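Heads up: the structure comes next, in structure tokens.
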Amino acid sequence: MQKGFKRNFEPIRILTESQVEQLHSSTLQVLDEIGFKYDSDKALRVLEKRGCNVDYDTKVAKIPPDIVEWAIRKTPSSFMVRARDPEKSIRLGGNTVYFMNSAGARYADVDTGKVSMPTLEQNNEAVIVSDALDSVHCFPSYTPYFEIGGVPPVMSCPTSCAQRMRYSTKPSRGAQPTDSFIWETQIARAVGAQLMGCVEGAAPLSLAEDACNAAFYYLEAGFPIYIASGSLMGASHPITIAGATVSHNAELLAIIVLLQCIRPGSGVIANNFVSGMNMQTGDLNFGTSAIALHQMAYNQIWHDLYKIPINNTGSAFANSKMIDYQTAAEKLPLAMCSALSGANLIVLHGGITGELAYNPILAVIDDDVAKTIGRIIENFDITDDLIGLDIIRQVGIGGTFLGTKQTRTLWQTEDYMPKVYDKTTYQEWENTGKKTVIELAKERMEEILATHKPDPLTDEQEKDVQRILNEATEYYKKKGLII
């Protein structure tokens, strides 16, 4: 199993206990008085049986507080996600922090910022790169790219899932659009893996039929669930951090109620992907202080009160169109806030251009970012040997610790030395071509592609995966979704 990074101190808490209770109480009021729309009669029947007040005409279920509290108690505080290589499995929960690859609609050129449709080869290479990066512990759905040249849109999710299974042994999240969960579940089972089944709400306060169907299907397969409800503060959520926290919590808890009604005890990780809105343009506004505060408040509530594993996506994207200082300035503070405040899974590597694009070179750079964050949250030990009073006495006044055994043996564990950041002296930098971090990351990516060989599928597994893709293609042709 991948160990991730252990947070060896209590998470930062920005709310008082009374503030946590006020936000939670308001969340319960929303679900009890306003309710939540489930666009599925099957889901509504399950909820009605549990005791929810259901209106089949509006498809709204009002959920009493005791049912919400019951569902929270039924959700485990940690769970395993089985990868096709058991050593790459992960256990989500507690004080362990993992990092998830980011994604983008298209390929971003690192030199020009131009966005273009990725080829299947570019898709596969990006998966291989992230498979080789130690700090990428798992993949989301439709990653690294939402679209792939030559692949019908309706087949993008099943194809993406198949390519991740072919070119990586790490865990993945499944998708939900247009019955893709049927084929992704079959692909995962064919290679002996689980998926984190995606069940994503539609803010404000609703769950589409596809998502409801995905919930039943993934749970019947015995898979854990990744819940989300992406939204914009000031549009699909209130503009205030407090209001957005209540609205977002209500949406996610409504999904958890459905999941636990279907299969009590199912593992769930709850994603926070609430973004800001640029009120001057109406566009997404990534990397803001409001998003950071929202995530920190969210993490405190879900870590301390609900005790349900947490994912944060705020650091997954930047508005910057280039891999530059702005990209770092938008992504790093949010990733750091997430790690310090209780997140178990942080989406980070490779995303750029406001969710529109991805580049594996940025993923290589983000590998160093993730490992630096990981080293910080692992904290440091304090023992007599590590303090080393005898060594301090021995070196004395005006001496040097450079030649001591302590320095020689511990310098690599006390700090993290990045692999692609430029750490040369100025003279060395001039003499070696004045390389930028992007050039160094390109070199590392080329080295990975030349040397890293993910464990391939067996012949039988490959045959099954291709058969499933063929069946999916025929399924969508009959529905008129592939011409």
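Following the order of the structure tokens, first chain is A, next is B, and so on, with residues numbered from 1 inside each chain and ligands from 1 in the order they appear.
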Residue list (alpha helix (DSSP H), DSSP) for range 117-267 of chain A, as a PDB file with C-alpha atoms, in the first residue's frame:
ATOM      1  CA  LEU A 120      -4.105   9.332 -27.769  1.00  0.00           C
ATOM      2  CA  GLU A 121      -0.301   9.092 -27.606  1.00  0.00           C
ATOM      3  CA  GLN A 122      -0.072  12.354 -25.658  1.00  0.00           C
ATOM      4  CA  ASN A 123      -2.751  11.056 -23.296  1.00  0.00           C
ATOM      5  CA  ASN A 124      -0.867   7.813 -22.720  1.00  0.00           C
ATOM      6  CA  GLU A 125       2.458   9.589 -22.179  1.00  0.00           C
ATOM      7  CA  ALA A 126       0.904  11.858 -19.567  1.00  0.00           C
ATOM      8  CA  VAL A 127      -0.449   8.821 -17.703  1.00  0.00           C
ATOM      9  CA  ILE A 128       2.993   7.168 -17.782  1.00  0.00           C
ATOM     10  CA  VAL A 129       4.636  10.311 -16.412  1.00  0.00           C
ATOM     11  CA  SER A 130       2.223  10.505 -13.478  1.00  0.00           C
ATOM     12  CA  ASP A 131       2.572   6.778 -12.856  1.00  0.00           C
ATOM     13  CA  ALA A 132       6.294   7.395 -12.394  1.00  0.00           C
ATOM     14  CA  SER A 156     -13.956   9.693 -23.662  1.00  0.00           C
ATOM     15  CA  CYS A 157     -14.550   8.514 -20.071  1.00  0.00           C
ATOM     16  CA  PRO A 158     -14.445   4.746 -20.774  1.00  0.00           C
ATOM     17  CA  THR A 159     -11.406   5.198 -23.034  1.00  0.00           C
ATOM     18  CA  SER A 160      -9.630   7.355 -20.467  1.00  0.00           C
ATOM     19  CA  CYS A 161     -10.298   4.765 -17.775  1.00  0.00           C
ATOM     20  CA  ALA A 162      -8.946   1.987 -20.003  1.00  0.00           C
ATOM     21  CA  GLN A 163      -5.766   3.939 -20.773  1.00  0.00           C
ATOM     22  CA  ARG A 164      -5.136   4.623 -17.086  1.00  0.00           C
ATOM     23  CA  MET A 165      -5.469   0.909 -16.366  1.00  0.00           C
ATOM     24  CA  ARG A 166      -3.144   0.085 -19.257  1.00  0.00           C
ATOM     25  CA  TYR A 167      -0.439   2.612 -18.424  1.00  0.00           C
ATOM     26  CA  SER A 180     -19.916   5.576 -18.431  1.00  0.00           C
ATOM     27  CA  PHE A 181     -19.961   4.017 -14.953  1.00  0.00           C
ATOM     28  CA  ILE A 182     -21.191   0.744 -16.489  1.00  0.00           C
ATOM     29  CA  TRP A 183     -18.108   0.335 -18.644  1.00  0.00           C
ATOM     30  CA  GLU A 184     -15.605   1.756 -16.189  1.00  0.00           C
ATOM     31  CA  THR A 185     -16.785  -0.625 -13.484  1.00  0.00           C
ATOM     32  CA  GLN A 186     -16.373  -3.551 -15.860  1.00  0.00           C
ATOM     33  CA  ILE A 187     -12.889  -2.379 -16.882  1.00  0.00           C
ATOM     34  CA  ALA A 188     -11.771  -2.071 -13.260  1.00  0.00           C
ATOM     35  CA  ARG A 189     -13.106  -5.517 -12.403  1.00  0.00           C
ATOM     36  CA  ALA A 190     -11.406  -7.009 -15.456  1.00  0.00           C
ATOM     37  CA  GLU A 209     -30.353  10.999 -12.892  1.00  0.00           C
ATOM     38  CA  ASP A 210     -26.922   9.926 -14.196  1.00  0.00           C
ATOM     39  CA  ALA A 211     -25.419  10.529 -10.771  1.00  0.00           C
ATOM     40  CA  CYS A 212     -28.200   8.617  -9.009  1.00  0.00           C
ATOM     41  CA  ASN A 213     -27.760   5.681 -11.383  1.00  0.00           C
ATOM     42  CA  ALA A 214     -23.995   5.773 -10.838  1.00  0.00           C
ATOM     43  CA  ALA A 215     -24.518   5.623  -7.077  1.00  0.00           C
ATOM     44  CA  PHE A 216     -26.537   2.404  -7.314  1.00  0.00           C
ATOM     45  CA  TYR A 217     -24.174   0.820  -9.847  1.00  0.00           C
ATOM     46  CA  TYR A 218     -20.899   1.603  -8.085  1.00  0.00           C
ATOM     47  CA  LEU A 219     -22.265   0.525  -4.698  1.00  0.00           C
ATOM     48  CA  GLU A 220     -23.593  -2.735  -6.129  1.00  0.00           C
ATOM     49  CA  ILE A 241     -17.892  31.816   2.750  1.00  0.00           C
ATOM     50  CA  ALA A 242     -20.305  30.934   5.560  1.00  0.00           C
ATOM     51  CA  GLY A 243     -23.303  30.602   3.218  1.00  0.00           C
ATOM     52  CA  ALA A 244     -21.345  28.596   0.661  1.00  0.00           C
ATOM     53  CA  THR A 245     -20.160  26.281   3.438  1.00  0.00           C
ATOM     54  CA  VAL A 246     -23.719  25.539   4.527  1.00  0.00           C
ATOM     55  CA  SER A 247     -25.032  25.082   0.980  1.00  0.00           C
ATOM     56  CA  HIS A 248     -22.109  22.858  -0.004  1.00  0.00           C
ATOM     57  CA  ASN A 249     -22.327  20.747   3.146  1.00  0.00           C
ATOM     58  CA  ALA A 250     -26.046  20.252   2.562  1.00  0.00           C
ATOM     59  CA  GLU A 251     -25.432  18.970  -0.959  1.00  0.00           C
ATOM     60  CA  LEU A 252     -22.745  16.510   0.078  1.00  0.00           C
ATOM     61  CA  LEU A 253     -24.618  15.247   3.130  1.00  0.00           C
ATOM     62  CA  ALA A 254     -27.729  14.710   0.981  1.00  0.00           C
ATOM     63  CA  ILE A 255     -25.637  12.467  -1.288  1.00  0.00           C
ATOM     64  CA  ILE A 256     -24.230  10.622   1.731  1.00  0.00           C
ATOM     65  CA  VAL A 257     -27.768   9.983   2.976  1.00  0.00           C
ATOM     66  CA  LEU A 258     -28.649   8.326  -0.339  1.00  0.00           C
ATOM     67  CA  LEU A 259     -25.448   6.254  -0.380  1.00  0.00           C
ATOM     68  CA  GLN A 260     -25.907   4.966   3.160  1.00  0.00           C
ATOM     69  CA  CYS A 261     -29.570   4.202   2.480  1.00  0.00           C
ATOM     70  CA  ILE A 262     -28.511   2.090  -0.504  1.00  0.00           C
TER      71      ILE A 262
END
Contacts between range 268-271 of chain A and range 61-121 of chain A, please, where a residue of range 61-121 of chain A counts if it comes within 10 Å (with only C-alpha atoms); show its shortest atom pair and distance in Å to one decimal, rows by chain and ascending number, as JSON lines.
{"residue": "A:Thr75", "atom": "CA", "partner": "A:Val268", "partner_atom": "CA", "distance": 6.7}
{"residue": "A:Pro76", "atom": "CA", "partner": "A:Val268", "partner_atom": "CA", "distance": 7.5}
{"residue": "A:Ser77", "atom": "CA", "partner": "A:Val268", "partner_atom": "CA", "distance": 8.6}
{"residue": "A:Ser78", "atom": "CA", "partner": "A:Val268", "partner_atom": "CA", "distance": 8.3}
{"residue": "A:Phe79", "atom": "CA", "partner": "A:Val268", "partner_atom": "CA", "distance": 7.9}
{"residue": "A:Leu92", "atom": "CA", "partner": "A:Ile269", "partner_atom": "CA", "distance": 7.7}
{"residue": "A:Gly93", "atom": "CA", "partner": "A:Ile269", "partner_atom": "CA", "distance": 8.4}
Same residues, N, CA and C atoms, saved as a PDB file, in the first residue's frame:
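Result saved to part-v3.pdb:
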ATOM      1  N   THR A  75     -21.070   6.257   7.893  1.00  0.00           N
ATOM      2  CA  THR A  75     -19.963   6.426   6.947  1.00  0.00           C
ATOM      3  C   THR A  75     -18.639   6.210   7.673  1.00  0.00           C
ATOM      4  N   PRO A  76     -17.813   5.260   7.229  1.00  0.00           N
ATOM      5  CA  PRO A  76     -16.568   4.953   7.952  1.00  0.00           C
ATOM      6  C   PRO A  76     -15.560   6.095   7.889  1.00  0.00           C
ATOM      7  N   SER A  77     -14.706   6.145   8.887  1.00  0.00           N
ATOM      8  CA  SER A  77     -13.698   7.209   8.966  1.00  0.00           C
ATOM      9  C   SER A  77     -12.499   6.937   8.067  1.00  0.00           C
ATOM     10  N   SER A  78     -12.397   5.738   7.545  1.00  0.00           N
ATOM     11  CA  SER A  78     -11.336   5.426   6.583  1.00  0.00           C
ATOM     12  C   SER A  78     -11.766   4.222   5.750  1.00  0.00           C
ATOM     13  N   PHE A  79     -11.162   4.075   4.579  1.00  0.00           N
ATOM     14  CA  PHE A  79     -11.461   2.927   3.727  1.00  0.00           C
ATOM     15  C   PHE A  79     -10.331   2.729   2.731  1.00  0.00           C
ATOM     16  N   LEU A  92      -7.708   5.840   2.583  1.00  0.00           N
ATOM     17  CA  LEU A  92      -8.086   7.235   2.765  1.00  0.00           C
ATOM     18  C   LEU A  92      -8.720   7.449   4.135  1.00  0.00           C
ATOM     19  N   GLY A  93      -8.240   8.467   4.845  1.00  0.00           N
ATOM     20  CA  GLY A  93      -8.791   8.793   6.150  1.00  0.00           C
ATOM     21  C   GLY A  93      -7.704   9.098   7.160  1.00  0.00           C
TER      22      GLY A  93
END
### Near-Met80 in chain A list (10 Å; only C-alpha atoms; drop same-chain fewer than 6 positions) as an NGL selection string
:A and (1 or 89-93 or 194 or 196 or 223-224 or 267)
### Task
Work out how far CA of Glu10 in chain A is from CA of Asp381 in chain A, in Å to one decimal.
15.0 Å
### Query
Residues at most 6 Å from Thr96 in chain A, counting only C-alpha atoms, excluding those fewer than 3 positions away in the same chain, as a list in words?
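Non-adjacent residues within range: Phe5, Lys6 and Asn344 of chain A.
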Can those selected residues be exported to a file as a short mmCIF file (atom, residue, chain, number, x, y, z; two decimals), in the first residue's frame so that it contains N, CA and C atoms?
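So selection-v7.cif came out as:
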data_model
loop_
_atom_site.label_atom_id
_atom_site.label_comp_id
_atom_site.auth_asym_id
_atom_site.auth_seq_id
_atom_site.Cartn_x
_atom_site.Cartn_y
_atom_site.Cartn_z
N PHE A 5 1.68 10.73 2.92
CA PHE A 5 2.39 11.55 3.90
C PHE A 5 1.55 11.60 5.18
N LYS A 6 2.19 11.43 6.32
CA LYS A 6 1.47 11.45 7.60
C LYS A 6 1.55 12.85 8.21
N ASN A 344 -7.37 14.75 3.29
CA ASN A 344 -6.76 13.43 3.09
C ASN A 344 -6.28 13.22 1.67
#
### Nearby residues (only C-alpha atoms) at most 6 Å from Gly197 in chain A, same-chain spacing under 4 positions excluded, as a list in words
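After dropping sequence-adjacent residues, the list is Arg173, Gly174, Tyr218, Ile225 and Tyr226 of chain A.
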### Among the residues A:Ala61, A:Ala370, A:Gly388, A:Gly4, the one that comes closest to Phe401 in chain A [using only C-alpha atoms]
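Residue with the minimum atom-to-atom distance to Phe401 in chain A: A:Gly388.
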### Task
Taking the DSSP assignment computed from this structure's backbone, write out as JSON, numbers by chain all residues of range 91-127 of chain A that belong to strand (DSSP E).
{"A": [91, 92, 93, 96, 97, 98, 99, 100, 101, 106, 107, 108, 115, 116]}
For the selection just defined, write its residues with N, CA and C atoms to a file, as an mmCIF file, in the first residue's frame.
data_model
loop_
_atom_site.group_PDB
_atom_site.id
_atom_site.type_symbol
_atom_site.label_atom_id
_atom_site.label_comp_id
_atom_site.auth_asym_id
_atom_site.auth_seq_id
_atom_site.Cartn_x
_atom_site.Cartn_y
_atom_site.Cartn_z
ATOM 1 N N ARG A 91 -5.220 3.866 1.533
ATOM 2 C CA ARG A 91 -6.257 3.918 2.565
ATOM 3 C C ARG A 91 -6.511 5.388 2.882
ATOM 4 N N LEU A 92 -7.708 5.840 2.583
ATOM 5 C CA LEU A 92 -8.086 7.235 2.765
ATOM 6 C C LEU A 92 -8.720 7.449 4.135
ATOM 7 N N GLY A 93 -8.240 8.467 4.845
ATOM 8 C CA GLY A 93 -8.791 8.793 6.150
ATOM 9 C C GLY A 93 -7.704 9.098 7.160
ATOM 10 N N THR A 96 -3.541 10.777 7.196
ATOM 11 C CA THR A 96 -2.727 10.512 6.012
ATOM 12 C C THR A 96 -3.163 11.428 4.873
ATOM 13 N N VAL A 97 -2.173 11.985 4.175
ATOM 14 C CA VAL A 97 -2.435 12.874 3.049
ATOM 15 C C VAL A 97 -1.880 12.249 1.772
ATOM 16 N N TYR A 98 -2.730 12.116 0.774
ATOM 17 C CA TYR A 98 -2.334 11.666 -0.558
ATOM 18 C C TYR A 98 -2.563 12.807 -1.551
ATOM 19 N N PHE A 99 -1.934 12.676 -2.709
ATOM 20 C CA PHE A 99 -2.142 13.647 -3.787
ATOM 21 C C PHE A 99 -2.738 12.946 -5.005
ATOM 22 N N MET A 100 -3.688 13.626 -5.628
ATOM 23 C CA MET A 100 -4.358 13.127 -6.823
ATOM 24 C C MET A 100 -3.940 13.972 -8.022
ATOM 25 N N ASN A 101 -3.743 13.319 -9.157
ATOM 26 C CA ASN A 101 -3.442 14.041 -10.392
ATOM 27 C C ASN A 101 -4.571 15.009 -10.730
ATOM 28 N N ARG A 106 -7.887 19.985 -22.480
ATOM 29 C CA ARG A 106 -6.991 19.804 -23.620
ATOM 30 C C ARG A 106 -5.533 19.950 -23.208
ATOM 31 N N TYR A 107 -4.666 19.779 -24.162
ATOM 32 C CA TYR A 107 -3.221 19.856 -23.953
ATOM 33 C C TYR A 107 -2.763 21.314 -24.029
ATOM 34 N N ALA A 108 -1.949 21.749 -23.048
ATOM 35 C CA ALA A 108 -1.417 23.110 -23.035
ATOM 36 C C ALA A 108 0.048 23.080 -23.435
ATOM 37 N N VAL A 115 -3.699 26.025 -26.470
ATOM 38 C CA VAL A 115 -4.432 24.821 -26.065
ATOM 39 C C VAL A 115 -4.892 24.073 -27.311
ATOM 40 N N SER A 116 -4.664 22.743 -27.330
ATOM 41 C CA SER A 116 -5.042 21.945 -28.501
ATOM 42 C C SER A 116 -5.553 20.580 -28.070
#
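Straight-line separation from CA of Met117 in chain A to CA of Val151 in chain A: 10.8 Å.
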### Task
Name the closest residue to Val364 in chain A among the candidates A:Asn272, A:Ser315, A:Gln300, A:Ser135; distances are taken between atoms, counting only C-alpha atoms.
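Checking each of A:Asn272, A:Ser315, A:Gln300, A:Ser135 against Val364 in chain A, counting only C-alpha atoms, the winner is A:Ser135.
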### Query
Which is closest to Lys88 in chain A among A:Gly314, A:Pro171, A:Pro118, A:Pro140, if we use only C-alpha atoms?
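Of the candidates, the smallest distance to Lys88 in chain A is held by A:Pro171.
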### Query
Contacts of Ile373 in chain A at 10 Å or less, counting only C-alpha atoms, minus same-chain residues fewer than 3 places along, as a list in words?
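Listed by chain and then number, they are Phe5, Val97, Leu332, Ala335, Met336, Cys337, Ala339, Leu340, Asp367, Asp368, Val369, Ala370, Ile376, Ile377, Glu378 and Tyr416 of chain A.
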### Message
Need the shell around Glu355 in chain A: protein/DNA/RNA residues with any atom at most 10 Å away, counting only C-alpha atoms. Skip same-chain ones fewer than 5 positions apart. Format as JSON, numbers by chain?
### Response
{"A": [102, 103, 104, 105, 106, 146, 284, 286, 316, 317, 318, 319]}
Please dump the current selection as a compact mmCIF listing (two decimals), in the first residue's frame; keep N, CA and C atoms.
# COMPACT_ATOMS: atom_id res chain seq x y z
N SER A 102 -4.24 16.11 -11.36
CA SER A 102 -5.26 17.01 -11.87
C SER A 102 -5.61 16.60 -13.30
N ALA A 103 -6.34 17.44 -14.00
CA ALA A 103 -6.78 17.12 -15.36
C ALA A 103 -7.08 18.42 -16.08
N GLY A 104 -7.34 18.31 -17.36
CA GLY A 104 -7.73 19.47 -18.15
C GLY A 104 -8.42 19.02 -19.42
N ALA A 105 -9.21 19.90 -20.01
CA ALA A 105 -9.92 19.52 -21.23
C ALA A 105 -8.96 19.17 -22.35
N ARG A 106 -7.89 19.98 -22.48
CA ARG A 106 -6.99 19.80 -23.62
C ARG A 106 -5.53 19.95 -23.21
N PHE A 146 -9.84 15.64 -20.70
CA PHE A 146 -11.27 15.37 -20.86
C PHE A 146 -11.58 14.87 -22.26
N LEU A 284 -14.50 31.62 -13.96
CA LEU A 284 -14.00 31.00 -12.74
C LEU A 284 -12.80 31.79 -12.22
N PHE A 286 -9.77 31.08 -9.78
CA PHE A 286 -9.04 30.08 -9.01
C PHE A 286 -7.99 30.72 -8.11
N ALA A 316 -6.11 22.40 -7.77
CA ALA A 316 -5.97 21.62 -9.01
C ALA A 316 -5.72 22.50 -10.23
N PHE A 317 -6.17 23.74 -10.20
CA PHE A 317 -6.14 24.58 -11.39
C PHE A 317 -5.67 25.99 -11.07
N ALA A 318 -5.19 26.66 -12.09
CA ALA A 318 -4.82 28.07 -12.00
C ALA A 318 -5.43 28.81 -13.18
N ASN A 319 -5.70 30.08 -13.00
CA ASN A 319 -6.15 30.89 -14.13
C ASN A 319 -5.03 31.21 -15.10
### Message
Under the rule that only C-alpha atoms are counted, which of A:Leu457, A:Val395, A:Met296, A:Asp39 is the nearest residue to Asp85 in chain A?
### Response
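Counting only C-alpha atoms, the residue closest to Asp85 in chain A is A:Leu457.
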